>>> print(open('structure_31.pdb').read())   # PDB, C-alpha atoms and all ligand atoms
ATOM      1  CA  MET A   1       9.129 -39.224 -37.055
ATOM      2  CA  ILE A   2      12.072 -37.328 -38.579
ATOM      3  CA  LEU A   3      11.745 -33.583 -38.711
ATOM      4  CA  SER A   4      13.941 -31.082 -40.566
ATOM      5  CA  LYS A   5      16.703 -29.543 -38.460
ATOM      6  CA  ARG A   6      14.938 -26.146 -38.615
ATOM      7  CA  LEU A   7      11.596 -27.481 -37.369
ATOM      8  CA  LYS A   8      13.319 -29.670 -34.773
ATOM      9  CA  ALA A   9      15.083 -26.576 -33.421
ATOM     10  CA  ILE A  10      11.676 -24.923 -33.008
ATOM     11  CA  THR A  11      10.322 -27.914 -31.055
ATOM     12  CA  GLU A  12      13.253 -27.620 -28.617
ATOM     13  CA  TYR A  13      11.719 -24.332 -27.412
ATOM     14  CA  ILE A  14       8.365 -26.021 -26.668
ATOM     15  CA  GLU A  15       7.744 -27.730 -23.333
ATOM     16  CA  GLU A  16       5.773 -30.971 -23.236
ATOM     17  CA  GLY A  17       2.035 -30.681 -22.951
ATOM     18  CA  VAL A  18       1.534 -26.972 -23.684
ATOM     19  CA  ARG A  19      -0.909 -25.921 -26.380
ATOM     20  CA  VAL A  20       0.719 -24.821 -29.624
ATOM     21  CA  ILE A  21      -0.809 -22.675 -32.359
ATOM     22  CA  ASP A  22       1.090 -23.335 -35.587
ATOM     23  CA  VAL A  23       0.364 -20.346 -37.816
ATOM     24  CA  GLY A  24       0.966 -21.066 -41.501
ATOM     25  CA  CYS A  25       1.214 -24.784 -40.737
ATOM     26  CA  ASP A  26       1.337 -25.927 -44.385
ATOM     27  CA  HIS A  27       2.204 -29.676 -44.121
ATOM     28  CA  ALA A  28       1.621 -29.621 -40.314
ATOM     29  CA  LEU A  29       4.754 -31.701 -39.773
ATOM     30  CA  LEU A  30       5.549 -29.618 -36.700
ATOM     31  CA  ASP A  31       2.104 -30.350 -35.223
ATOM     32  CA  ILE A  32       2.327 -34.053 -35.990
ATOM     33  CA  TYR A  33       5.756 -34.306 -34.373
ATOM     34  CA  LEU A  34       4.715 -32.330 -31.286
ATOM     35  CA  THR A  35       1.545 -34.398 -30.851
ATOM     36  CA  LEU A  36       3.372 -37.700 -31.185
ATOM     37  CA  GLU A  37       6.607 -36.903 -29.390
ATOM     38  CA  LYS A  38       5.804 -34.215 -26.829
ATOM     39  CA  LYS A  39       2.104 -34.641 -26.059
ATOM     40  CA  ASN A  40       1.336 -31.095 -27.156
ATOM     41  CA  LYS A  41      -2.190 -30.110 -28.107
ATOM     42  CA  CYS A  42      -1.788 -28.409 -31.488
ATOM     43  CA  ILE A  43      -3.893 -26.124 -33.613
ATOM     44  CA  ALA A  44      -2.704 -26.291 -37.207
ATOM     45  CA  SER A  45      -3.765 -23.143 -38.977
ATOM     46  CA  ASP A  46      -3.250 -21.655 -42.414
ATOM     47  CA  ILE A  47      -4.771 -18.894 -44.517
ATOM     48  CA  ASN A  48      -4.991 -21.063 -47.607
ATOM     49  CA  LEU A  49      -7.857 -23.552 -47.943
ATOM     50  CA  ASN A  50      -6.057 -25.607 -50.608
ATOM     51  CA  VAL A  51      -3.099 -25.931 -48.277
ATOM     52  CA  LEU A  52      -5.414 -26.985 -45.467
ATOM     53  CA  ALA A  53      -6.883 -29.761 -47.602
ATOM     54  CA  LYS A  54      -3.364 -31.220 -47.845
ATOM     55  CA  THR A  55      -2.778 -30.548 -44.151
ATOM     56  CA  LYS A  56      -5.878 -32.602 -43.394
ATOM     57  CA  GLU A  57      -4.635 -35.488 -45.544
ATOM     58  CA  MET A  58      -1.248 -35.422 -43.858
ATOM     59  CA  ILE A  59      -2.768 -35.378 -40.367
ATOM     60  CA  SER A  60      -5.115 -38.240 -41.311
ATOM     61  CA  SER A  61      -2.193 -40.285 -42.634
ATOM     62  CA  TYR A  62      -0.859 -40.266 -39.061
ATOM     63  CA  GLY A  63      -4.334 -40.991 -37.639
ATOM     64  CA  LEU A  64      -4.267 -37.733 -35.665
ATOM     65  CA  GLU A  65      -7.480 -36.117 -36.894
ATOM     66  CA  LYS A  66      -8.966 -36.180 -33.388
ATOM     67  CA  GLU A  67      -5.841 -34.763 -31.761
ATOM     68  CA  ILE A  68      -4.920 -31.890 -34.088
ATOM     69  CA  GLU A  69      -7.470 -29.166 -34.731
ATOM     70  CA  ILE A  70      -7.323 -27.501 -38.148
ATOM     71  CA  VAL A  71      -8.369 -23.846 -38.420
ATOM     72  CA  GLN A  72      -8.502 -21.625 -41.470
ATOM     73  CA  SER A  73      -7.334 -18.163 -40.463
ATOM     74  CA  ASP A  74      -5.417 -15.138 -41.584
ATOM     75  CA  GLY A  75      -2.753 -15.344 -38.914
ATOM     76  CA  ILE A  76      -4.362 -15.619 -35.490
ATOM     77  CA  ASP A  77      -7.510 -13.655 -36.343
ATOM     78  CA  ASN A  78      -9.872 -16.653 -35.943
ATOM     79  CA  ILE A  79      -8.073 -18.254 -33.008
ATOM     80  CA  GLU A  80      -8.731 -17.639 -29.354
ATOM     81  CA  ILE A  81      -5.352 -17.651 -27.665
ATOM     82  CA  GLU A  82      -4.955 -18.608 -24.028
ATOM     83  CA  LYS A  83      -2.252 -17.235 -21.762
ATOM     84  CA  ASP A  84       0.059 -20.275 -21.772
ATOM     85  CA  ASP A  85      -0.288 -21.038 -25.485
ATOM     86  CA  ILE A  86       2.801 -20.917 -27.651
ATOM     87  CA  VAL A  87       2.303 -19.335 -31.056
ATOM     88  CA  VAL A  88       4.730 -20.546 -33.721
ATOM     89  CA  ILE A  89       5.161 -18.494 -36.890
ATOM     90  CA  ALA A  90       7.790 -20.051 -39.131
ATOM     91  CA  GLY A  91       8.889 -20.089 -42.740
ATOM     92  CA  MET A  92       7.461 -16.687 -43.658
ATOM     93  CA  GLY A  93       8.849 -13.206 -44.296
ATOM     94  CA  THR A  94       8.952 -10.475 -41.681
ATOM     95  CA  SER A  95       6.202  -8.358 -43.278
ATOM     96  CA  THR A  96       3.756 -11.305 -43.202
ATOM     97  CA  ILE A  97       4.762 -12.078 -39.607
ATOM     98  CA  LEU A  98       4.152  -8.466 -38.571
ATOM     99  CA  HIS A  99       0.805  -8.536 -40.353
ATOM    100  CA  ILE A 100      -0.087 -11.665 -38.343
ATOM    101  CA  LEU A 101       0.847  -9.876 -35.105
ATOM    102  CA  ARG A 102      -0.851  -6.586 -35.962
ATOM    103  CA  GLU A 103      -3.688  -6.938 -33.417
ATOM    104  CA  LYS A 104      -3.371  -9.797 -30.955
ATOM    105  CA  LYS A 105      -0.345 -10.133 -28.691
ATOM    106  CA  PRO A 106       0.071 -13.737 -27.514
ATOM    107  CA  ASN A 107       2.290 -14.168 -24.431
ATOM    108  CA  ASN A 108       4.696 -16.632 -26.044
ATOM    109  CA  LEU A 109       6.005 -16.473 -29.577
ATOM    110  CA  ILE A 110       8.473 -18.598 -31.488
ATOM    111  CA  ILE A 111       9.357 -16.938 -34.753
ATOM    112  CA  GLN A 112      11.509 -18.027 -37.662
ATOM    113  CA  SER A 113      11.517 -15.347 -40.319
ATOM    114  CA  ASN A 114      13.127 -15.770 -43.716
ATOM    115  CA  ASN A 115      14.334 -12.160 -43.912
ATOM    116  CA  ASP A 116      14.824  -8.743 -42.239
ATOM    117  CA  LEU A 117      15.627 -10.049 -38.762
ATOM    118  CA  ASP A 118      16.571  -6.566 -37.539
ATOM    119  CA  ILE A 119      13.148  -5.198 -38.470
ATOM    120  CA  LEU A 120      11.471  -8.264 -36.968
ATOM    121  CA  ARG A 121      13.307  -7.909 -33.622
ATOM    122  CA  ARG A 122      12.690  -4.153 -33.442
ATOM    123  CA  LYS A 123       8.980  -4.288 -34.309
ATOM    124  CA  VAL A 124       8.146  -7.260 -32.095
ATOM    125  CA  ILE A 125      10.045  -5.683 -29.167
ATOM    126  CA  GLU A 126       8.123  -2.434 -29.772
ATOM    127  CA  LYS A 127       4.920  -4.446 -29.245
ATOM    128  CA  GLY A 128       6.017  -5.216 -25.671
ATOM    129  CA  TYR A 129       8.159  -8.330 -25.963
ATOM    130  CA  ILE A 130      11.680  -9.295 -24.953
ATOM    131  CA  ILE A 131      13.918 -11.905 -26.527
ATOM    132  CA  GLU A 132      14.068 -14.919 -24.234
ATOM    133  CA  ASP A 133      16.372 -16.972 -26.438
ATOM    134  CA  GLU A 134      17.489 -17.296 -30.044
ATOM    135  CA  LYS A 135      19.586 -19.660 -32.107
ATOM    136  CA  ALA A 136      20.849 -20.179 -35.644
ATOM    137  CA  VAL A 137      20.659 -23.519 -37.410
ATOM    138  CA  PHE A 138      22.275 -24.455 -40.705
ATOM    139  CA  GLU A 139      20.353 -26.702 -43.055
ATOM    140  CA  LYS A 140      20.793 -27.412 -46.755
ATOM    141  CA  GLY A 141      23.075 -24.419 -47.274
ATOM    142  CA  ILE A 142      20.874 -21.915 -45.434
ATOM    143  CA  TYR A 143      21.091 -20.407 -41.943
ATOM    144  CA  TYR A 144      17.790 -20.049 -40.123
ATOM    145  CA  VAL A 145      17.411 -17.930 -36.999
ATOM    146  CA  ILE A 146      14.754 -18.952 -34.498
ATOM    147  CA  ILE A 147      13.718 -16.420 -31.876
ATOM    148  CA  LYS A 148      11.696 -17.015 -28.733
ATOM    149  CA  PHE A 149       9.872 -13.904 -27.514
ATOM    150  CA  CYS A 150       7.901 -13.424 -24.326
ATOM    151  CA  LYS A 151       6.150 -10.396 -22.844
ATOM    152  CA  GLY A 152       8.416  -7.900 -21.126
ATOM    153  CA  ASN A 153      10.223  -4.644 -21.237
ATOM    154  CA  GLN A 154      13.912  -4.207 -21.898
ATOM    155  CA  GLU A 155      16.207  -1.660 -23.508
ATOM    156  CA  TYR A 156      18.096  -2.934 -26.546
ATOM    157  CA  LEU A 157      21.060  -1.582 -28.495
ATOM    158  CA  GLU A 158      21.278  -1.191 -32.250
ATOM    159  CA  GLU A 159      23.508  -4.297 -32.461
ATOM    160  CA  ASP A 160      20.876  -6.253 -30.521
ATOM    161  CA  TYR A 161      18.297  -5.585 -33.233
ATOM    162  CA  LEU A 162      20.799  -6.309 -35.973
ATOM    163  CA  PHE A 163      22.488  -9.424 -34.635
ATOM    164  CA  GLY A 164      20.444 -10.554 -31.637
ATOM    165  CA  PRO A 165      21.176  -9.744 -27.973
ATOM    166  CA  ILE A 166      21.508 -13.436 -27.109
ATOM    167  CA  LEU A 167      22.609 -14.835 -30.464
ATOM    168  CA  ARG A 168      25.670 -12.598 -30.653
ATOM    169  CA  GLU A 169      26.835 -13.850 -27.261
ATOM    170  CA  LYS A 170      26.601 -17.527 -28.226
ATOM    171  CA  LYS A 171      29.869 -19.291 -28.921
ATOM    172  CA  GLU A 172      28.659 -22.608 -30.375
ATOM    173  CA  GLU A 173      30.212 -23.456 -33.737
ATOM    174  CA  GLU A 174      26.966 -23.003 -35.692
ATOM    175  CA  MET A 175      26.377 -19.497 -34.295
ATOM    176  CA  VAL A 176      29.973 -18.417 -34.992
ATOM    177  CA  SER A 177      29.800 -19.702 -38.567
ATOM    178  CA  TYR A 178      26.466 -17.893 -38.994
ATOM    179  CA  PHE A 179      28.152 -14.589 -38.103
ATOM    180  CA  LYS A 180      31.153 -15.421 -40.302
ATOM    181  CA  GLU A 181      28.846 -15.934 -43.271
ATOM    182  CA  LEU A 182      26.974 -12.718 -42.494
ATOM    183  CA  LEU A 183      30.296 -10.851 -42.362
ATOM    184  CA  LEU A 184      31.397 -12.303 -45.705
ATOM    185  CA  SER A 185      28.137 -11.346 -47.407
ATOM    186  CA  LYS A 186      28.259  -7.792 -46.042
ATOM    187  CA  GLU A 187      31.898  -7.417 -47.086
ATOM    188  CA  LYS A 188      30.928  -8.499 -50.592
ATOM    189  CA  ILE A 189      28.043  -6.012 -50.728
ATOM    190  CA  VAL A 190      30.027  -3.082 -49.348
ATOM    191  CA  LYS A 191      32.560  -3.423 -52.174
ATOM    192  CA  GLN A 192      29.778  -2.800 -54.687
ATOM    193  CA  ILE A 193      28.486   0.354 -52.969
ATOM    194  CA  PRO A 194      29.934   3.633 -54.324
ATOM    195  CA  ASP A 195      31.874   5.667 -51.721
ATOM    196  CA  ASN A 196      29.446   8.586 -51.838
ATOM    197  CA  HIS A 197      26.330   6.413 -51.301
ATOM    198  CA  LYS A 198      24.600   6.926 -47.938
ATOM    199  CA  GLU A 199      24.271   3.153 -47.357
ATOM    200  CA  LYS A 200      28.041   2.644 -47.407
ATOM    201  CA  LYS A 201      28.546   4.045 -43.900
ATOM    202  CA  ARG A 202      25.822   1.783 -42.495
ATOM    203  CA  PHE A 203      27.406  -1.326 -44.015
ATOM    204  CA  ILE A 204      30.882  -0.351 -42.785
ATOM    205  CA  ASN A 205      29.450   0.081 -39.297
ATOM    206  CA  GLU A 206      27.698  -3.309 -39.405
ATOM    207  CA  ILE A 207      30.917  -4.970 -40.590
ATOM    208  CA  LYS A 208      32.732  -3.393 -37.645
ATOM    209  CA  MET A 209      30.100  -4.754 -35.241
ATOM    210  CA  LEU A 210      30.333  -8.235 -36.762
ATOM    211  CA  LYS A 211      34.119  -8.239 -36.409
ATOM    212  CA  GLU A 212      33.715  -7.302 -32.735
ATOM    213  CA  ILE A 213      31.242 -10.162 -32.229
ATOM    214  CA  LEU A 214      33.644 -12.632 -33.831
ATOM    215  CA  LYS A 215      36.617 -11.308 -31.852
ATOM    216  CA  SER A 216      35.011 -11.614 -28.416
TER     217      SER A 216
HETATM  218  C1  LIG B   1       6.618 -21.726 -46.435
HETATM  219  S1  LIG B   1       5.190 -22.251 -45.591
HETATM  220  C2  LIG B   1       5.855 -22.552 -43.967
HETATM  221  C3  LIG B   1       5.313 -23.808 -43.371
HETATM  222  C4  LIG B   1       5.795 -24.125 -41.975
HETATM  223  N1  LIG B   1       5.350 -23.130 -41.029
HETATM  224  C5  LIG B   1       7.295 -24.276 -41.935
HETATM  225  O1  LIG B   1       7.952 -23.427 -41.311
HETATM  226  O2  LIG B   1       7.820 -25.237 -42.532
HETATM  227  C6  LIG B   1       4.253 -20.773 -45.318
HETATM  228  C7  LIG B   1       2.787 -21.043 -45.025
HETATM  229  O3  LIG B   1       2.235 -19.881 -44.450
HETATM  230  C8  LIG B   1       0.925 -19.691 -44.956
HETATM  231  N2  LIG B   1       0.561 -18.282 -44.763
HETATM  232  C9  LIG B   1       0.996 -17.211 -45.461
HETATM  233  N3  LIG B   1       0.425 -16.085 -44.979
HETATM  234  C10 LIG B   1      -0.365 -16.450 -43.943
HETATM  235  C11 LIG B   1      -1.217 -15.744 -43.064
HETATM  236  N4  LIG B   1      -1.376 -14.421 -43.135
HETATM  237  N5  LIG B   1      -1.885 -16.445 -42.119
HETATM  238  C12 LIG B   1      -1.750 -17.801 -42.040
HETATM  239  N6  LIG B   1      -0.977 -18.515 -42.859
HETATM  240  C13 LIG B   1      -0.282 -17.854 -43.802
HETATM  241  C14 LIG B   1       1.023 -20.170 -46.382
HETATM  242  O4  LIG B   1      -0.249 -20.535 -46.906
HETATM  243  C15 LIG B   1       1.978 -21.369 -46.259
HETATM  244  O5  LIG B   1       1.289 -22.567 -46.080
END
>>> encode(input="structure_31.pdb", output="structure tokens", more="lines below")
Ligand SMILES: C[S@@+](CC[C@H](N)C(=O)[O-])C[C@H]1O[C@@H](n2cnc3c(N)ncnc32)[C@H](O)[C@@H]1O
Amino acid sequence: MILSKRLKAITEYIEEGVRVIDVGCDHALLDIYLTLEKKNKCIASDINLNVLAKTKEMISSYGLEKEIEIVQSDGIDNIEIEKDDIVVIAGMGTSTILHILREKKPNNLIIQSNNDLDILRRKVIEKGYIIEDEKAVFEKGIYYVIIKFCKGNQEYLEEDYLFGPILREKKEEEMVSYFKELLLSKEKIVKQIPDNHKEKKRFINEIKMLKEILKS
């Protein structure tokens, strides 16, 4: 089964056999792949019943209705999470992800947010997590950042929240081009900000940090 590069990158963080809770599963392609290729036990969950009807059809088309459990839930509210479970939350915005994590704190999280990565890192870390690994993947003109969190306590710097404590140290081509694109977009924005605007200083500072990352 061929998975998108983004979803495939998520599966690379998942060891064979562990139970996976796919929150906001939509098509459940991740669950189908993990069940077939990595012997994971998956719970495919979504808030939307219409979506879940299609999820069910998709799972049936692979003959996996006995293997993959489907659960309707707002986030993880209706799911009992065990200590070794991996909770995947992908393809959503940071505010929805933080809503999903407002009460329960699973031990292992893999998150791919579509926006506000600095807020995501800061808020998840504040809940008692550390960043175990992170990577950027480029697919169809878009960079996606995938972050693996586990429980722990660690001090982070401002640039860690903004650009990732591990990501900014990575030297693979895809990570470097991710930071180059980020730099270009911030340089474009800063030109539009009037000199007396309070946001200007913040952008100039972030540009400086990005140049340091790309220099090292
Ligand atoms: C863009 S799809 C992402 C699908 C898949 N996770 C991926 O990354 O390709 C977002 C899905 O999240 C679901 N969703 C949105 N808010 C949710 C919530 N609070 N709890 C569970 N699912 C949610 C939507 O119904 C939708 O199916």
>>> residues_near_ligand(input="structure_31.pdb", ligand="ligand LIG 1 (chain B)", cutoff="8 Å", atoms="all atoms listed in the file", output="tab-separated table (two decimals) with C-alpha atoms, in the coordinates of the input")
chain	number	residue	atom	x	y	z
A	6	ARG	CA	14.94	-26.15	-38.62
A	7	LEU	CA	11.60	-27.48	-37.37
A	22	ASP	CA	1.09	-23.34	-35.59
A	23	VAL	CA	0.36	-20.35	-37.82
A	24	GLY	CA	0.97	-21.07	-41.50
A	25	CYS	CA	1.21	-24.78	-40.74
A	26	ASP	CA	1.34	-25.93	-44.38
A	27	HIS	CA	2.20	-29.68	-44.12
A	28	ALA	CA	1.62	-29.62	-40.31
A	29	LEU	CA	4.75	-31.70	-39.77
A	30	LEU	CA	5.55	-29.62	-36.70
A	45	SER	CA	-3.76	-23.14	-38.98
A	46	ASP	CA	-3.25	-21.66	-42.41
A	47	ILE	CA	-4.77	-18.89	-44.52
A	48	ASN	CA	-4.99	-21.06	-47.61
A	51	VAL	CA	-3.10	-25.93	-48.28
A	72	GLN	CA	-8.50	-21.62	-41.47
A	73	SER	CA	-7.33	-18.16	-40.46
A	74	ASP	CA	-5.42	-15.14	-41.58
A	75	GLY	CA	-2.75	-15.34	-38.91
A	76	ILE	CA	-4.36	-15.62	-35.49
A	88	VAL	CA	4.73	-20.55	-33.72
A	89	ILE	CA	5.16	-18.49	-36.89
A	90	ALA	CA	7.79	-20.05	-39.13
A	91	GLY	CA	8.89	-20.09	-42.74
A	92	MET	CA	7.46	-16.69	-43.66
A	96	THR	CA	3.76	-11.30	-43.20
A	97	ILE	CA	4.76	-12.08	-39.61
A	99	HIS	CA	0.80	-8.54	-40.35
A	100	ILE	CA	-0.09	-11.66	-38.34
A	112	GLN	CA	11.51	-18.03	-37.66
>>> resolve_selection(input="structure_31.pdb", expression="the PyMOL selection byres (((chain A and resi 19) around 10) and not hetatm)", output="list in words")
Ile14, Glu15, Glu16, Gly17, Val18, Val20, Ile21, Asp22, Leu34, Thr35, Lys39, Asn40, Lys41, Cys42, Ile43, Ile81, Glu82, Lys83, Asp84, Asp85, Ile86 and Val87 of chain A
>>> atom_distance(input="structure_31.pdb", atom1="atom CA of Asn108 of chain A", atom2="atom CA of Lys140 of chain A")
28.4 Å
>>> closest_residue(input="structure_31.pdb", among="A:Ile119, A:Leu167, A:Ile59, A:Leu162", to="Phe203 of chain A", atoms="all atoms listed in the file")
A:Leu162
>>> resolve_selection(input="structure_31.pdb", expression="the PyMOL selection byres (((chain A and resi 205-215) around 12) and not hetatm)", output="PDB file with C-alpha atoms, in the coordinates of the input")
ATOM      1  CA  ASP A 118      16.571  -6.566 -37.539  1.00  0.00           C
ATOM      2  CA  LEU A 157      21.060  -1.582 -28.495  1.00  0.00           C
ATOM      3  CA  GLU A 158      21.278  -1.191 -32.250  1.00  0.00           C
ATOM      4  CA  GLU A 159      23.508  -4.297 -32.461  1.00  0.00           C
ATOM      5  CA  ASP A 160      20.876  -6.253 -30.521  1.00  0.00           C
ATOM      6  CA  TYR A 161      18.297  -5.585 -33.233  1.00  0.00           C
ATOM      7  CA  LEU A 162      20.799  -6.309 -35.973  1.00  0.00           C
ATOM      8  CA  PHE A 163      22.488  -9.424 -34.635  1.00  0.00           C
ATOM      9  CA  GLY A 164      20.444 -10.554 -31.637  1.00  0.00           C
ATOM     10  CA  PRO A 165      21.176  -9.744 -27.973  1.00  0.00           C
ATOM     11  CA  ILE A 166      21.508 -13.436 -27.109  1.00  0.00           C
ATOM     12  CA  LEU A 167      22.609 -14.835 -30.464  1.00  0.00           C
ATOM     13  CA  ARG A 168      25.670 -12.598 -30.653  1.00  0.00           C
ATOM     14  CA  GLU A 169      26.835 -13.850 -27.261  1.00  0.00           C
ATOM     15  CA  LYS A 170      26.601 -17.527 -28.226  1.00  0.00           C
ATOM     16  CA  LYS A 171      29.869 -19.291 -28.921  1.00  0.00           C
ATOM     17  CA  GLU A 172      28.659 -22.608 -30.375  1.00  0.00           C
ATOM     18  CA  GLU A 173      30.212 -23.456 -33.737  1.00  0.00           C
ATOM     19  CA  MET A 175      26.377 -19.497 -34.295  1.00  0.00           C
ATOM     20  CA  VAL A 176      29.973 -18.417 -34.992  1.00  0.00           C
ATOM     21  CA  SER A 177      29.800 -19.702 -38.567  1.00  0.00           C
ATOM     22  CA  TYR A 178      26.466 -17.893 -38.994  1.00  0.00           C
ATOM     23  CA  PHE A 179      28.152 -14.589 -38.103  1.00  0.00           C
ATOM     24  CA  LYS A 180      31.153 -15.421 -40.302  1.00  0.00           C
ATOM     25  CA  GLU A 181      28.846 -15.934 -43.271  1.00  0.00           C
ATOM     26  CA  LEU A 182      26.974 -12.718 -42.494  1.00  0.00           C
ATOM     27  CA  LEU A 183      30.296 -10.851 -42.362  1.00  0.00           C
ATOM     28  CA  LEU A 184      31.397 -12.303 -45.705  1.00  0.00           C
ATOM     29  CA  SER A 185      28.137 -11.346 -47.407  1.00  0.00           C
ATOM     30  CA  LYS A 186      28.259  -7.792 -46.042  1.00  0.00           C
ATOM     31  CA  GLU A 187      31.898  -7.417 -47.086  1.00  0.00           C
ATOM     32  CA  LYS A 188      30.928  -8.499 -50.592  1.00  0.00           C
ATOM     33  CA  ILE A 189      28.043  -6.012 -50.728  1.00  0.00           C
ATOM     34  CA  VAL A 190      30.027  -3.082 -49.348  1.00  0.00           C
ATOM     35  CA  LYS A 191      32.560  -3.423 -52.174  1.00  0.00           C
ATOM     36  CA  GLU A 199      24.271   3.153 -47.357  1.00  0.00           C
ATOM     37  CA  LYS A 200      28.041   2.644 -47.407  1.00  0.00           C
ATOM     38  CA  LYS A 201      28.546   4.045 -43.900  1.00  0.00           C
ATOM     39  CA  ARG A 202      25.822   1.783 -42.495  1.00  0.00           C
ATOM     40  CA  PHE A 203      27.406  -1.326 -44.015  1.00  0.00           C
ATOM     41  CA  ILE A 204      30.882  -0.351 -42.785  1.00  0.00           C
ATOM     42  CA  SER A 216      35.011 -11.614 -28.416  1.00  0.00           C
TER      43      SER A 216
END
>>> atom_distance(input="structure_31.pdb", atom1="atom CA of Lys105 of chain A", atom2="atom CA of Lys148 of chain A")
13.9 Å
>>> residues_around(input="structure_31.pdb", residues="Glu139 of chain A", least_positions_apart="4", cutoff="9 Å", atoms="all atoms listed in the file", output="tab-separated table (two decimals) with C-alpha atoms, in the frame of the given file")
chain	number	residue	atom	x	y	z
A	4	SER	CA	13.94	-31.08	-40.57
A	5	LYS	CA	16.70	-29.54	-38.46
A	6	ARG	CA	14.94	-26.15	-38.62
A	143	TYR	CA	21.09	-20.41	-41.94
A	144	TYR	CA	17.79	-20.05	-40.12
>>> build_atoms(input="structure_31.pdb", residues="segment 150-168 of chain A", atoms="N, CA and C atoms", output="mmCIF file, keeping the file's coordinate frame")
data_model
loop_
_atom_site.group_PDB
_atom_site.id
_atom_site.type_symbol
_atom_site.label_atom_id
_atom_site.label_comp_id
_atom_site.auth_asym_id
_atom_site.auth_seq_id
_atom_site.Cartn_x
_atom_site.Cartn_y
_atom_site.Cartn_z
ATOM 1 N N CYS A 150 8.976 -13.402 -25.317
ATOM 2 C CA CYS A 150 7.901 -13.424 -24.326
ATOM 3 C C CYS A 150 7.616 -11.974 -23.944
ATOM 4 N N LYS A 151 6.527 -11.768 -23.194
ATOM 5 C CA LYS A 151 6.150 -10.396 -22.844
ATOM 6 C C LYS A 151 7.166 -9.810 -21.873
ATOM 7 N N GLY A 152 7.481 -8.544 -22.037
ATOM 8 C CA GLY A 152 8.416 -7.900 -21.126
ATOM 9 C C GLY A 152 8.901 -6.582 -21.685
ATOM 10 N N ASN A 153 9.740 -5.963 -20.887
ATOM 11 C CA ASN A 153 10.223 -4.644 -21.237
ATOM 12 C C ASN A 153 11.729 -4.588 -21.032
ATOM 13 N N GLN A 154 12.458 -4.260 -22.034
ATOM 14 C CA GLN A 154 13.912 -4.207 -21.898
ATOM 15 C C GLN A 154 14.482 -3.259 -22.947
ATOM 16 N N GLU A 155 15.534 -2.548 -22.552
ATOM 17 C CA GLU A 155 16.207 -1.660 -23.508
ATOM 18 C C GLU A 155 17.156 -2.488 -24.368
ATOM 19 N N TYR A 156 17.169 -2.219 -25.652
ATOM 20 C CA TYR A 156 18.096 -2.934 -26.546
ATOM 21 C C TYR A 156 18.961 -1.943 -27.323
ATOM 22 N N LEU A 157 20.138 -2.396 -27.694
ATOM 23 C CA LEU A 157 21.060 -1.582 -28.495
ATOM 24 C C LEU A 157 20.839 -1.863 -29.979
ATOM 25 N N GLU A 158 21.395 -1.005 -30.807
ATOM 26 C CA GLU A 158 21.278 -1.191 -32.250
ATOM 27 C C GLU A 158 21.804 -2.579 -32.676
ATOM 28 N N GLU A 159 22.941 -2.985 -32.070
ATOM 29 C CA GLU A 159 23.508 -4.297 -32.461
ATOM 30 C C GLU A 159 22.629 -5.463 -31.990
ATOM 31 N N ASP A 160 21.806 -5.207 -30.964
ATOM 32 C CA ASP A 160 20.876 -6.253 -30.521
ATOM 33 C C ASP A 160 19.817 -6.508 -31.598
ATOM 34 N N TYR A 161 19.300 -5.414 -32.171
ATOM 35 C CA TYR A 161 18.297 -5.585 -33.233
ATOM 36 C C TYR A 161 18.937 -6.250 -34.456
ATOM 37 N N LEU A 162 20.147 -5.808 -34.759
ATOM 38 C CA LEU A 162 20.799 -6.309 -35.973
ATOM 39 C C LEU A 162 21.231 -7.770 -35.857
ATOM 40 N N PHE A 163 21.837 -8.105 -34.724
ATOM 41 C CA PHE A 163 22.488 -9.424 -34.635
ATOM 42 C C PHE A 163 21.984 -10.278 -33.486
ATOM 43 N N GLY A 164 21.042 -9.756 -32.708
ATOM 44 C CA GLY A 164 20.444 -10.554 -31.637
ATOM 45 C C GLY A 164 21.185 -10.409 -30.331
ATOM 46 N N PRO A 165 20.503 -9.954 -29.261
ATOM 47 C CA PRO A 165 21.176 -9.744 -27.973
ATOM 48 C C PRO A 165 21.735 -11.040 -27.391
ATOM 49 N N ILE A 166 21.073 -12.150 -27.664
ATOM 50 C CA ILE A 166 21.508 -13.436 -27.109
ATOM 51 C C ILE A 166 22.356 -14.180 -28.135
ATOM 52 N N LEU A 167 21.898 -14.120 -29.385
ATOM 53 C CA LEU A 167 22.609 -14.835 -30.464
ATOM 54 C C LEU A 167 24.065 -14.398 -30.558
ATOM 55 N N ARG A 168 24.290 -13.088 -30.454
ATOM 56 C CA ARG A 168 25.670 -12.598 -30.653
ATOM 57 C C ARG A 168 26.599 -12.950 -29.494
#
